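All remarks here apply to the structure that follows.
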Amino acid sequence: MEKYAVRMDASGIVWFTINRPDKRNAIDYDVMDGLEKTIEEVSINNNAKALVITGSGDQAFCAGGDLGVFHDLRSKFQAYDMLSRMGAILYSLLCLPKPTIALINGTCIGGGAELATACDFRISSSTSKIGFVQGKLGITTGWGGATMLLEKMKYDHAMEMLMTATILTPEKAKQIGYVHKVVEPEKLFEECNSYLVPYLSLSTQVLSAYKMVAVRKWDVTFKERMFSEIERCSYLWELDEHHHAVDAFLQGK
Ligand SMILES: CCC(=O)SCCNC(=O)CCNC(=O)[C@H](O)C(C)(C)COP(=O)(O)OP(=O)(O)OC[C@H]1O[C@@H](n2cnc3c(N)ncnc32)[C@H](O)[C@@H]1OP(=O)(O)O
């Protein structure tokens, strides 16, 4: 059985499914390879408009790193090799210039929550369990999850999630701004498709431009970010799509 599946549908949504339900979709080196390859392909394929990451089965989205495999890593050097590689993969997911969704179909804990945090939006089934449980194993978020969480959520809510290592219901996770939508398990895919409709109605260039505004935030100063946003809009301004749309408006079409 393949450990992950990738398919692109007719509307340009790429679905990446971790396929290890018997291990609660834990991430091992093969899943890391698959994620790395898929993120790279989605970033360069003009037909790919969005990326959805989910898990197979109805038990788990992802139970984090494969503890059976990664427990062989004993020294800090060995740990750093694995953690920094997955950190780089999640950074590329964070910065992917297309909308990304974590479709949380069940347990989403430890590194699974870090994976979900790297996505733009999180849609959860009402039966999921969500938490940064790393603290209970005597470690912290080793894939960069806390840094991403603190960028995306209110400070106190993020710190509460991290520093209590508790498992939240999807409703609670929504209340504090981690999850964007909670849906019945049987409606998960349908609701994810509906959620993406307004995004898919815009051009990939526009979506990428907004994503780049967010991405720039993480590696340059505020002023540079503003002017990069302005430069990007100037570029889009000169393209036919913009001129045709304004022509149509002015001509009352
Ligand atoms: C990189 C750093 C990190 O990610 S640190 C966080 C690592 N993750 C964890 O601590 C979660 C460990 N797993 C659990 O707490 C439970 O298995 C959860 C996910 C809550 C599911 O519970 P439950 O539905 O009762 O299933 P179960 O415990 O019987 O597990 C079923 C089989 O899946 C496996 N499994 C589960 N999680 C992992 C994991 N992270 N790595 C490797 N294997 C995992 C279990 O060992 C079990 O396997 P088996 O059927 O005994 O062969």
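Quick note on naming: the chains in the structure tokens go A, B, ... in the order shown, residues restart at 1 in each chain, and ligands are numbered from 1 in order of appearance.
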Worksheet entry | Every residue of range 66-222 of chain A that DSSP places in strand (DSSP E), as a PyMOL selection string | chain A and resi 100-104+107-109+121-125+130-131+181-183
Would you export the selected residues with C-alpha atoms as a JSON list (two decimals), in the first residue's frame, please?
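Output saved as result.json:
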```json
[["chain", "number", "residue", "atom", "x", "y", "z"],
["A", 100, "THR", "CA", -3.69, 25.49, 1.16],
["A", 101, "ILE", "CA", -6.17, 23.67, 3.39],
["A", 102, "ALA", "CA", -5.66, 21.13, 6.15],
["A", 103, "LEU", "CA", -8.78, 18.96, 5.92],
["A", 104, "ILE", "CA", -8.74, 17.58, 9.45],
["A", 107, "THR", "CA", -7.02, 13.14, 15.29],
["A", 108, "CYS", "CA", -4.61, 15.99, 14.57],
["A", 109, "ILE", "CA", -1.93, 16.02, 17.20],
["A", 121, "PHE", "CA", -6.98, 27.25, 6.48],
["A", 122, "ARG", "CA", -8.12, 24.38, 8.68],
["A", 123, "ILE", "CA", -11.46, 22.69, 8.13],
["A", 124, "SER", "CA", -12.23, 20.04, 10.72],
["A", 125, "SER", "CA", -14.67, 17.23, 11.12],
["A", 130, "ILE", "CA", -6.64, 18.70, 18.01],
["A", 131, "GLY", "CA", -3.57, 19.46, 20.09],
["A", 181, "LYS", "CA", -14.87, 25.63, 9.84],
["A", 182, "VAL", "CA", -16.28, 22.60, 11.67],
["A", 183, "VAL", "CA", -18.41, 20.21, 9.65]]
```
Worksheet item: What residues have any atom no more than 10 Å from ligand 1 when counting only C-alpha atoms and all ligand atoms, and can you list them as JSON, numbers by chain?
Response: {"A": [20, 21, 22, 23, 24, 25, 26, 27, 28, 59, 60, 61, 62, 63, 64, 65, 66, 67, 68, 69, 70, 71, 79, 82, 83, 86, 106, 107, 108, 109, 110, 111, 112, 113, 114, 115, 129, 130, 131, 132, 133, 134, 135, 136, 137, 138, 139, 140, 141, 142, 143, 167]}
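Note that DSSP on the backbone gives alpha helix (DSSP H) to these residues of range 40-71 of chain A: Glu40, Glu41, Val42, Ser43, Ile44, Leu67, Gly68, Val69 and Phe70 of chain A.
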Item to complete: Write out as number ranges by chain the residues lying within 9 Å of Ile13 in chain A, counting only C-alpha atoms and excluding same-chain residues fewer than 6 positions away.
Response: A: 7, 47-52, 193, 196, 200
Worksheet, complete the sentence: Computed gap from CA of Cys233 in chain A to CA of Ser201 in chain A is 18.5 Å
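CA of Tyr235 in chain A lies 21.4 Å from CA of Asp219 in chain A.
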Worksheet item: What is the CA of Asn19 in chain A-CA of Glu190 in chain A distance in Å, reported with one decimal?
Response: 20.1 Å
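Of the residues under consideration (A:Ala245, A:Cys192, A:Phe77, A:Met153), A:Met153 shows the shortest atom-to-atom contact distance to Ile176 in chain A when counting only C-alpha atoms.
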Practice prompt. Could you give me, as a VMD selection string, the residues within 9 Å of range 213-215 of chain A, counting only C-alpha atoms and dropping anything in the same chain fewer than 5 positions from it?
Written response: chain A and resid 94 to 97 208 225 to 226 228 to 229 232
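Among A:Thr169, A:Asn46, A:Thr38, A:Thr204, the residue with the shortest atom-to-atom distance to Thr127 in chain A, counting only C-alpha atoms, is A:Thr169.
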